[in-house]
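Trainee: Got a structure for you, final-v4.cif, holding mmCIF, C-alpha atoms.
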data_start
loop_
_atom_site.label_atom_id
_atom_site.label_comp_id
_atom_site.auth_asym_id
_atom_site.auth_seq_id
_atom_site.Cartn_x
_atom_site.Cartn_y
_atom_site.Cartn_z
CA MET A 1 0.65 5.61 -14.90
CA ALA A 2 2.79 7.59 -17.27
CA ASN A 3 3.92 6.00 -20.49
CA PHE A 4 6.65 3.42 -19.98
CA LYS A 5 9.90 5.03 -21.11
CA THR A 6 13.53 5.30 -20.26
CA GLY A 7 14.98 8.20 -18.33
CA PRO A 8 15.63 8.49 -14.58
CA VAL A 9 12.56 7.68 -12.50
CA PRO A 10 11.17 10.36 -10.16
CA ARG A 11 12.59 10.52 -6.65
CA ASP A 12 9.42 9.01 -5.11
CA ALA A 13 9.65 6.04 -7.46
CA LEU A 14 13.30 5.40 -6.63
CA ALA A 15 12.56 5.66 -2.89
CA TYR A 16 9.85 3.00 -3.28
CA PHE A 17 12.31 0.62 -4.91
CA ARG A 18 15.18 1.29 -2.50
CA ASP A 19 13.01 0.79 0.57
CA LYS A 20 12.44 -2.88 -0.22
CA ASP A 21 14.11 -5.73 1.66
CA LEU A 22 15.74 -8.61 -0.21
CA ARG A 23 13.74 -11.82 -0.05
CA VAL A 24 14.56 -15.09 -1.76
CA GLY A 25 11.78 -17.14 -3.33
CA PHE A 26 11.77 -20.23 -5.50
CA ASP A 27 8.45 -19.48 -7.20
CA PHE A 28 6.90 -16.16 -8.16
CA GLN A 29 3.98 -17.04 -5.88
CA ASP A 30 6.27 -17.23 -2.82
CA VAL A 31 6.25 -13.41 -2.57
CA TRP A 32 2.75 -12.28 -3.36
CA GLY A 33 0.59 -9.23 -3.95
CA GLN A 34 1.11 -6.50 -1.37
CA GLU A 35 4.32 -8.16 -0.15
CA HIS A 36 6.03 -6.63 -3.20
CA ALA A 37 5.63 -3.21 -1.57
CA HIS A 38 8.40 -4.12 0.90
CA SER A 39 10.14 -7.17 -0.60
CA PHE A 40 12.36 -7.39 -3.66
CA THR A 41 12.54 -10.88 -5.08
CA VAL A 42 13.39 -12.77 -8.25
CA ALA A 43 11.96 -16.26 -8.60
CA LYS A 44 14.65 -19.00 -8.46
CA ALA A 45 17.28 -16.51 -7.21
CA MET A 46 17.94 -18.48 -4.03
CA LYS A 47 21.26 -16.91 -3.12
CA MET A 48 21.46 -13.42 -1.68
CA ASP A 49 24.46 -12.42 -3.81
CA ILE A 50 22.50 -13.21 -7.00
CA LEU A 51 19.51 -11.24 -5.73
CA ASP A 52 21.77 -8.37 -4.70
CA ASP A 53 23.38 -8.25 -8.16
CA VAL A 54 19.96 -8.01 -9.84
CA ARG A 55 18.78 -5.38 -7.40
CA ALA A 56 21.95 -3.29 -7.82
CA GLY A 57 21.60 -3.46 -11.59
CA LEU A 58 17.98 -2.33 -11.39
CA ASP A 59 18.80 0.45 -8.95
CA GLU A 60 21.38 1.84 -11.32
CA ALA A 61 19.05 1.49 -14.29
CA LEU A 62 16.24 3.28 -12.44
CA ALA A 63 18.44 6.07 -11.10
CA GLU A 64 20.29 6.73 -14.38
CA GLY A 65 17.50 5.97 -16.85
CA LYS A 66 19.31 3.09 -18.52
CA THR A 67 17.61 1.21 -21.32
CA PHE A 68 16.88 -2.50 -21.05
CA ARG A 69 19.71 -3.18 -23.50
CA ASP A 70 22.22 -1.45 -21.20
CA PHE A 71 20.77 -3.13 -18.10
CA SER A 72 20.93 -6.59 -19.70
CA ARG A 73 24.39 -6.12 -21.22
CA GLU A 74 25.90 -5.21 -17.85
CA LEU A 75 24.03 -7.75 -15.68
CA LYS A 76 24.10 -10.84 -17.89
CA PRO A 77 27.86 -11.62 -17.58
CA LYS A 78 27.70 -11.25 -13.79
CA LEU A 79 24.88 -13.78 -13.55
CA GLN A 80 26.56 -16.16 -15.99
CA GLU A 81 29.80 -16.01 -14.01
CA LYS A 82 27.91 -17.08 -10.87
CA GLY A 83 26.07 -19.86 -12.70
CA TRP A 84 22.62 -18.26 -12.61
CA TRP A 85 21.79 -18.62 -16.29
CA GLY A 86 20.01 -21.05 -18.58
CA ILE A 87 18.02 -24.18 -17.68
CA LYS A 88 19.29 -26.15 -14.69
CA ASP A 89 18.20 -28.60 -12.01
CA GLU A 90 17.34 -26.87 -8.74
CA ILE A 91 15.89 -28.05 -5.42
CA ASP A 92 12.51 -26.56 -4.49
CA PRO A 93 13.04 -25.82 -0.75
CA SER A 94 9.33 -26.08 0.06
CA THR A 95 9.00 -29.64 -1.29
CA GLY A 96 12.57 -30.96 -1.50
CA GLU A 97 11.81 -31.87 -5.12
CA ARG A 98 14.50 -31.48 -7.77
CA ARG A 99 13.07 -29.54 -10.68
CA ARG A 100 14.31 -28.48 -14.07
CA VAL A 101 13.85 -24.72 -14.13
CA GLN A 102 14.72 -21.64 -16.13
CA LEU A 103 17.17 -19.34 -14.39
CA GLY A 104 18.47 -16.23 -16.13
CA SER A 105 17.53 -15.54 -19.73
CA PRO A 106 17.03 -12.47 -21.92
CA ARG A 107 13.28 -12.84 -21.60
CA ARG A 108 13.39 -13.09 -17.80
CA LEU A 109 15.65 -10.08 -17.52
CA LYS A 110 13.23 -8.10 -19.67
CA THR A 111 10.32 -9.09 -17.43
CA ILE A 112 12.31 -8.16 -14.31
CA TYR A 113 13.33 -4.82 -15.80
CA GLN A 114 9.89 -3.80 -17.04
CA SER A 115 7.96 -5.03 -14.00
CA ASN A 116 10.14 -3.20 -11.50
CA LEU A 117 10.31 -0.01 -13.55
CA ARG A 118 6.56 0.12 -14.04
CA SER A 119 5.66 -0.65 -10.42
CA ALA A 120 8.20 1.93 -9.17
CA ARG A 121 6.83 4.59 -11.51
CA SER A 122 3.29 3.72 -10.41
CA ALA A 123 4.23 4.09 -6.73
CA GLY A 124 5.94 7.40 -7.43
CA GLN A 125 2.97 8.66 -9.41
CA TRP A 126 0.62 7.77 -6.56
CA GLN A 127 2.64 9.93 -4.16
CA ARG A 128 2.40 12.87 -6.57
CA ILE A 129 -1.34 12.24 -6.99
CA GLN A 130 -1.83 12.46 -3.24
CA ARG A 131 0.09 15.74 -3.07
CA THR A 132 -1.99 17.37 -5.82
CA LYS A 133 -5.43 15.84 -5.31
CA GLU A 134 -6.90 19.07 -3.91
CA THR A 135 -6.57 20.74 -7.32
CA GLN A 136 -6.76 17.58 -9.47
CA PRO A 137 -9.20 15.32 -7.62
CA PHE A 138 -9.97 12.76 -10.36
CA LEU A 139 -8.18 9.94 -12.17
CA LEU A 140 -8.94 8.76 -15.72
CA TYR A 141 -8.11 5.19 -16.74
CA GLU A 142 -6.45 5.14 -20.19
CA LEU A 143 -5.14 2.43 -22.47
CA GLY A 144 -1.42 2.48 -23.16
CA PRO A 145 0.47 2.09 -26.43
CA SER A 146 0.22 -1.73 -26.67
CA GLU A 147 -0.99 -3.13 -29.99
CA ASN A 148 -3.21 -5.68 -28.27
CA HIS A 149 -5.08 -4.94 -25.07
CA ARG A 150 -6.78 -7.24 -22.62
CA GLU A 151 -10.54 -7.19 -23.19
CA GLU A 152 -11.26 -6.14 -19.60
CA HIS A 153 -8.74 -3.29 -19.76
CA VAL A 154 -10.48 -1.97 -22.86
CA SER A 155 -13.78 -1.98 -20.94
CA TRP A 156 -12.16 0.02 -18.12
CA ALA A 157 -10.85 2.75 -20.46
CA GLY A 158 -12.64 6.04 -19.83
CA THR A 159 -13.37 5.31 -16.16
CA LEU A 160 -13.24 8.67 -14.35
CA LEU A 161 -13.35 8.42 -10.55
CA PRO A 162 -12.19 10.46 -7.54
CA VAL A 163 -8.58 9.89 -6.50
CA ASP A 164 -9.62 8.26 -3.22
CA HIS A 165 -12.29 5.99 -4.72
CA PRO A 166 -11.80 2.37 -3.52
CA TRP A 167 -11.62 1.15 -7.13
CA TRP A 168 -8.05 2.44 -7.37
CA ARG A 169 -7.08 0.14 -4.48
CA ASP A 170 -6.86 -2.74 -6.98
CA HIS A 171 -6.98 -1.07 -10.40
CA MET A 172 -4.13 1.42 -10.22
CA THR A 173 -1.97 0.58 -13.21
CA PRO A 174 -0.16 -1.58 -14.22
CA ASN A 175 -2.65 -4.43 -13.91
CA GLY A 176 -0.67 -7.37 -15.22
CA TYR A 177 2.62 -8.45 -16.76
CA GLY A 178 3.25 -6.33 -19.85
CA CYS A 179 0.28 -4.03 -19.07
CA LYS A 180 0.94 -0.49 -20.32
CA CYS A 181 -2.34 1.04 -19.22
CA ARG A 182 -2.04 4.33 -17.35
CA VAL A 183 -4.03 6.79 -15.28
CA ARG A 184 -4.19 10.52 -15.85
CA GLN A 185 -4.97 13.00 -13.10
CA VAL A 186 -7.50 15.66 -14.03
CA SER A 187 -9.08 18.75 -12.48
CA GLU A 188 -12.76 19.16 -11.68
CA VAL A 189 -13.17 21.57 -14.62
CA GLU A 190 -11.59 19.07 -17.02
CA ALA A 191 -13.71 16.24 -15.58
CA GLU A 192 -16.88 18.25 -16.22
CA ARG A 193 -15.77 18.97 -19.81
CA MET A 194 -15.05 15.27 -20.39
CA GLU A 195 -18.51 14.38 -19.11
CA ARG A 196 -20.10 16.88 -21.51
CA GLU A 197 -17.99 16.21 -24.60
CA GLY A 198 -16.61 12.70 -24.10
CA ILE A 199 -13.03 11.62 -24.72
CA GLN A 200 -11.11 10.27 -27.68
CA ASP A 201 -11.94 6.60 -28.28
CA PRO A 202 -8.62 4.71 -27.98
CA GLN A 203 -10.01 1.98 -30.22
CA ALA A 204 -10.87 4.29 -33.14
CA GLU A 205 -9.43 3.30 -36.52
CA LEU A 206 -6.04 4.64 -37.54
CA GLU A 207 -5.95 7.56 -39.96
CA THR A 208 -4.56 7.06 -43.43
CA ASP A 209 -2.80 9.78 -45.41
CA PRO A 210 -5.07 10.38 -48.44
CA GLU A 211 -2.09 11.09 -50.69
CA THR A 212 0.19 8.21 -49.79
CA GLY A 213 -2.30 5.72 -48.40
CA LEU A 214 0.04 5.15 -45.44
CA PRO A 215 -1.03 5.25 -41.78
CA THR A 216 -0.31 8.55 -40.03
CA GLY A 217 0.01 7.04 -36.55
CA ARG A 218 -3.01 9.03 -35.36
CA ARG A 219 -6.50 7.71 -34.75
CA GLN A 220 -9.62 9.04 -36.36
CA ARG A 221 -11.58 11.53 -34.30
CA ARG A 222 -14.23 9.51 -32.51
CA THR A 223 -15.44 10.17 -29.01
CA MET A 224 -16.72 7.90 -26.28
CA PRO A 225 -18.44 8.81 -22.99
CA VAL A 226 -16.56 8.74 -19.71
CA ARG A 227 -17.74 6.40 -16.96
CA ARG A 228 -18.43 8.14 -13.62
CA GLU A 229 -19.15 4.89 -11.78
CA PRO A 230 -16.74 1.96 -11.31
CA PRO A 231 -17.12 -0.76 -13.95
CA PRO A 232 -19.04 -3.87 -12.88
CA THR A 233 -16.84 -6.31 -11.01
CA ARG A 234 -16.60 -9.85 -12.33
CA THR A 235 -14.93 -11.65 -9.48
CA VAL A 236 -12.82 -14.73 -10.11
CA SER A 237 -10.99 -16.92 -7.60
CA PHE A 238 -7.30 -17.66 -7.75
CA THR A 239 -5.48 -20.22 -5.62
CA ASN A 240 -1.83 -19.62 -4.79
CA GLN A 241 -0.45 -23.11 -5.37
CA ARG A 242 2.49 -22.44 -3.05
CA THR A 243 0.54 -21.33 0.00
CA GLY A 244 -2.99 -22.56 -0.63
CA GLU A 245 -4.28 -19.01 -0.15
CA ILE A 246 -7.42 -18.26 -2.19
CA ILE A 247 -7.92 -14.67 -3.27
CA GLN A 248 -10.74 -12.97 -5.13
CA VAL A 249 -9.80 -10.56 -7.92
CA ASP A 250 -11.65 -8.68 -10.63
CA GLN A 251 -11.43 -10.52 -13.93
CA GLY A 252 -8.73 -8.84 -15.99
CA LEU A 253 -6.45 -8.23 -13.01
CA HIS A 254 -3.48 -10.55 -12.70
CA PRO A 255 -3.48 -11.70 -9.05
CA ALA A 256 0.14 -10.67 -8.62
CA TRP A 257 -0.70 -7.14 -9.78
CA ALA A 258 -4.07 -6.58 -8.08
CA THR A 259 -2.56 -3.93 -5.82
CA ASN A 260 -1.77 -0.23 -5.70
CA PRO A 261 2.03 0.02 -5.23
CA GLY A 262 1.85 3.58 -3.92
CA GLN A 263 -0.85 2.82 -1.33
CA ASP A 264 0.96 -0.35 -0.31
CA ARG A 265 4.20 1.55 0.22
CA VAL A 266 2.51 4.15 2.45
CA ARG A 267 0.95 1.38 4.53
CA VAL A 268 4.28 -0.47 4.83
CA LEU A 269 6.13 2.68 5.90
CA ARG A 270 3.48 3.42 8.54
CA ASP A 271 3.63 -0.14 9.87
CA ARG A 272 7.43 -0.03 10.02
CA MET A 273 7.40 3.31 11.82
CA THR A 274 4.90 1.97 14.35
CA GLY A 275 7.04 -1.13 14.87
CA LYS A 276 10.15 0.95 15.58
CA LEU A 277 8.30 2.74 18.40
CA ASP A 278 7.59 -0.52 20.25
CA THR A 279 10.85 -0.37 22.20
CA ALA A 280 11.94 3.24 21.65
CA ASP A 281 12.57 5.72 24.46
CA GLN A 282 9.16 6.62 25.89
CA ARG A 283 9.49 10.36 25.44
CA LEU A 284 10.59 9.92 21.84
CA ALA A 285 7.76 7.45 21.18
CA GLN A 286 5.22 9.84 22.72
CA ALA A 287 6.46 12.80 20.70
CA THR A 288 6.43 10.80 17.46
CA THR A 289 2.91 9.55 18.15
CA ARG A 290 1.66 13.09 18.71
CA ASP A 291 3.32 14.24 15.47
CA VAL A 292 1.65 11.44 13.50
CA MET A 293 -1.79 12.09 15.01
CA ASP A 294 -1.49 15.82 14.31
CA SER A 295 -0.54 15.26 10.67
CA PRO A 296 -2.46 14.58 7.41
CA ILE A 297 -1.46 10.93 7.87
CA LEU A 298 -4.30 10.58 10.37
CA THR A 299 -6.79 12.37 8.09
CA ASP A 300 -6.00 9.97 5.25
CA TRP A 301 -6.23 6.96 7.57
CA VAL A 302 -9.64 8.00 8.95
CA ARG A 303 -10.92 8.48 5.40
CA ARG A 304 -9.53 5.13 4.27
CA PRO A 305 -8.29 2.91 7.16
CA ASP A 306 -5.36 0.83 5.92
CA GLY A 307 -2.52 -0.55 8.01
CA GLU A 308 -1.76 0.57 11.56
CA LEU A 309 -1.12 3.92 13.24
CA PRO A 310 0.40 4.62 16.66
CA ALA A 311 -2.39 6.09 18.80
CA GLY A 312 -0.51 6.52 22.07
CA VAL A 313 2.11 5.14 24.46
CA ILE A 314 1.33 3.51 27.82
CA GLU A 315 3.74 3.57 30.71
CA ARG A 316 5.84 0.52 31.60
CA ARG A 317 3.72 -0.54 34.58
CA ALA A 318 0.64 -0.85 32.36
CA GLN A 319 2.61 -2.71 29.71
CA THR A 320 3.79 -5.18 32.35
CA ALA A 321 0.28 -5.61 33.77
CA LEU A 322 -1.01 -6.57 30.32
CA GLY A 323 1.94 -8.81 29.50
CA ALA A 324 2.46 -6.97 26.21
CA ASP A 325 5.69 -6.83 24.23
CA THR A 326 5.08 -3.22 23.17
CA GLN A 327 4.37 0.17 24.73
CA VAL A 328 2.53 1.42 21.64
CA VAL A 329 -1.26 1.36 21.38
CA ARG A 330 -2.23 0.86 17.75
CA LEU A 331 -5.15 2.01 15.65
CA ALA A 332 -6.09 -0.74 13.20
CA PRO A 333 -8.99 -1.26 10.77
CA GLY A 334 -11.93 -3.20 12.19
CA ARG A 335 -10.92 -2.87 15.85
CA LEU A 336 -13.28 -0.06 16.90
CA PRO A 337 -17.01 -0.85 17.19
CA ASP A 338 -18.23 2.46 15.73
CA PRO A 339 -15.36 4.37 14.08
CA ASP A 340 -17.67 6.58 12.01
CA SER A 341 -19.03 8.21 15.18
CA LEU A 342 -15.64 9.82 15.78
CA ALA A 343 -14.34 12.95 14.05
CA VAL A 344 -10.72 13.42 13.05
CA GLU A 345 -10.31 15.88 15.92
CA ASP A 346 -11.51 13.19 18.34
CA TYR A 347 -8.78 10.87 17.13
CA ARG A 348 -6.21 13.63 17.54
CA GLN A 349 -6.88 13.60 21.31
CA LEU A 350 -5.78 9.98 21.63
CA PRO A 351 -2.06 10.48 22.40
CA ASP A 352 -2.95 12.86 25.23
CA VAL A 353 -5.64 10.48 26.54
CA ILE A 354 -3.43 7.37 26.47
CA ASN A 355 -0.13 9.00 27.48
CA ARG A 356 -1.53 11.01 30.42
CA GLY A 357 -4.84 9.50 31.50
CA ILE A 358 -5.88 7.49 34.55
CA LEU A 359 -4.87 3.84 33.98
CA ILE A 360 -6.99 0.95 35.28
CA ALA A 361 -6.26 -2.68 34.37
CA GLN A 362 -9.58 -4.55 34.16
CA ASP A 363 -7.85 -7.91 33.71
CA ASN A 364 -4.59 -9.16 32.22
CA GLU A 365 -5.76 -8.32 28.69
CA ARG A 366 -7.77 -5.09 29.01
CA LEU A 367 -6.89 -1.58 30.16
CA SER A 368 -9.27 1.35 30.69
CA VAL A 369 -7.83 4.84 30.25
CA PHE A 370 -9.75 7.94 31.45
CA ARG A 371 -8.86 11.53 30.56
CA SER A 372 -10.93 14.61 31.40
CA ARG A 373 -12.91 15.98 28.49
CA GLU A 374 -13.79 19.62 28.01
CA GLY A 375 -17.14 20.90 26.80
CA ASP A 376 -19.34 17.89 27.60
CA THR A 377 -20.93 17.95 31.05
CA GLY A 378 -22.89 14.75 30.39
CA ASN A 379 -19.78 12.77 29.49
CA PRO A 380 -16.89 14.62 31.17
CA TRP A 381 -14.34 11.89 30.41
CA TRP A 382 -12.75 10.29 27.39
CA LEU A 383 -12.63 6.51 27.83
CA ALA A 384 -10.12 4.58 25.73
CA THR A 385 -10.14 0.78 25.99
CA VAL A 386 -6.87 -0.98 25.18
CA ARG A 387 -6.64 -4.72 24.62
CA ARG A 388 -3.70 -7.05 24.23
CA SER A 389 -3.91 -9.23 21.15
CA GLY A 390 -3.44 -12.84 22.18
CA ASP A 391 -1.67 -13.89 18.99
CA SER A 392 0.80 -10.99 18.61
CA GLN A 393 1.05 -9.56 22.17
CA ARG A 394 0.42 -6.13 20.65
CA LEU A 395 -1.88 -3.48 22.08
CA TYR A 396 -4.88 -2.19 20.12
CA LEU A 397 -7.48 0.48 20.76
CA THR A 398 -10.80 -1.38 20.83
CA ASP A 399 -13.16 1.34 22.12
CA TYR A 400 -13.06 5.13 22.38
CA ARG A 401 -15.97 7.25 23.57
CA GLY A 402 -17.28 9.75 26.06
CA ALA A 403 -17.82 8.44 29.61
CA THR A 404 -19.48 9.50 32.84
CA ASP A 405 -18.22 9.85 36.42
CA GLU A 406 -20.12 6.63 37.16
CA ASP A 407 -18.16 4.82 34.43
CA LEU A 408 -14.92 5.90 36.07
CA GLU A 409 -16.01 4.78 39.55
CA GLN A 410 -17.17 1.39 38.26
CA ALA A 411 -13.85 0.86 36.46
CA ARG A 412 -11.95 1.72 39.65
CA SER A 413 -14.02 -0.65 41.77
CA ARG A 414 -13.65 -3.58 39.37
CA GLY A 415 -10.03 -3.20 38.27
CA GLN A 416 -6.49 -2.57 39.42
CA VAL A 417 -5.60 1.13 39.42
CA ILE A 418 -2.14 1.59 37.90
CA ARG A 419 -2.12 5.39 37.70
CA ALA A 420 -4.67 7.04 40.00
CA SER A 421 -4.62 10.57 38.58
CA GLU A 422 -4.06 12.31 35.32
CA GLN A 423 -0.62 13.60 34.37
CA PRO A 424 -0.37 17.32 33.61
#
Here is the file; what I need is its structure written in the form of structure tokens.

Mentor:
Amino acid sequence: MANFKTGPVPRDALAYFRDKDLRVGFDFQDVWGQEHAHSFTVAKAMKMDILDDVRAGLDEALAEGKTFRDFSRELKPKLQEKGWWGIKDEIDPSTGERRRVQLGSPRRLKTIYQSNLRSARSAGQWQRIQRTKETQPFLLYELGPSENHREEHVSWAGTLLPVDHPWWRDHMTPNGYGCKCRVRQVSEVEAERMEREGIQDPQAELETDPETGLPTGRRQRRTMPVRREPPPTRTVSFTNQRTGEIIQVDQGLHPAWATNPGQDRVRVLRDRMTGKLDTADQRLAQATTRDVMDSPILTDWVRRPDGELPAGVIERRAQTALGADTQVVRLAPGRLPDPDSLAVEDYRQLPDVINRGILIAQDNERLSVFRSREGDTGNPWWLATVRRSGDSQRLYLTDYRGATDEDLEQARSRGQVIRASEQP
């Protein structure tokens, strides 16, 4: 992430912040991890008007590049006027217990300001990284300007990995409250030079002016090698005391920050888009699905499945036969038995297969969809299997492969034919 500084945040960063919903929470663990990608919260801010005041103040600070001093000076009197300041007795809604808690304070406002600014900048930077990764395909983990660094963060400095390496799923900066570490995007040529020559050691001693004996603010020239493999993971367990959830994180990552804000935002936007298609006009839903499956969104998802994508739209009769509350068939990680056997172009056929194929309900939870397939005489059909999820009533693609004429005849003999022929 770029150095933390004032000045208006990039448009992508501001969009990340503005896309969040307001969500009240008594404890910082009530809204957790990836939930921050779509939820704005402030612990103990249990009234929506208080939360809205804080959010509006942050929005203005982000958009106009206001300093913390300006942000605090303008927001503090509003919160004091509404009684959200100082130490007070409050009821914890999850336990009914009356607790003495800290509401607004200069220190809390500073944490709120810095945390939101840094996560927004990180999300915005990730979007720019994705747009330019063809020419700058690597990221370098660097220490920031803090005087004291976490030991683990020091050990990660100099890690040079491809943009889409899984390590960035959890280690995209910032990695904790007050963390000022950053990543720098580099080209293949620069990465090769770094591997040959090393990089400046961020822990080298400070230079001293020989005439005055005073520090110059620069570090002595001392190189260190880059790391082309992810650092060893030292997993530790953390229990969310509010929910009982136990998560595993790499030591050195604060559990609340063990995310990639930019990746989380993309996943949230995809999930929201898919959700909006559940009850949309069928023609609009079909057109949107085709656009998504023809776009780089699908390519990125196949490379790194995360969240859900709309794969196709079934007609109302099939939706009724399955007892589903949606017309959208979703692609989701872990649902297909052998996803690696499929090429991106195979996935791109899905909207046409699902929207126009022969529909056969095998039972009240499973639908077989057949669509003619060109260029394969042994398996002349695409077969897509759609299942209704019992817990959510959603529809998921659970199998997708080539099929024979015999497969089609067996499906017809065993199931209820809903659409007997393909649509043009």

Trainee: Nearest to Leu51 of chain A: which of A:Ala63, A:Leu367, A:Lys78, A:Arg304 is it, counting only C-alpha atoms?

Mentor: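 Among the listed residues, the smallest separation from Leu51 of chain A belongs to A:Lys78.
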
Trainee: Would you kindly translate the PyMOL selection byres ((chain A and resi 422) around 6) into the concrete residues it picks from this file, as an MDAnalysis selection string?

Mentor: chainID A and resid 356:358 421 423

Trainee: Let me make sure I understand: among A:Ala285, A:Ala343, A:Ala411, A:Val386, which one has the smallest atom-to-atom distance to Leu331 of chain A if we use all atoms listed in the file?

Mentor: A:Val386

Trainee: Figure out the distance between atom CA of Met224 of chain A and atom CA of Ile199 of chain A, please, to one decimal in Å.

Mentor: 5.5 Å

Trainee: I'd like to see the residues matched by the PyMOL selection byres ((chain A and resi 308) around 8) on this file, and ideally I'd get them as a ChimeraX atom specification.

Mentor: /A:267,270-271,274,306-307,309-310,330-333

Trainee: Taking all atoms listed in the file into account, name the residue in A:Thr377, A:Leu342, A:Asn175, A:Glu142 that is nearest to Ala256 of chain A.

Mentor: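 Once distances to Ala256 of chain A are computed over all atoms listed in the file, the minimum belongs to A:Asn175.
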
Trainee: Go through A:Asp281, A:Asp53, A:Glu245, A:Asp201 and flag the residue nearest Lys76 of chain A, using only C-alpha atoms for the distances.

Mentor: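 Of the candidates, the smallest distance to Lys76 of chain A is held by A:Asp53.
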
Trainee: Check what the PyMOL selection byres ((chain A and resi 277-279) around 8) selects in the file above and give those residues as a list of chain:residue names.

Mentor: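 Applying the expression gives A:Met273, A:Thr274, A:Gly275, A:Lys276, A:Ala280, A:Asp281, A:Ala285, A:Asp325, A:Thr326, A:Gln327, A:Val328.
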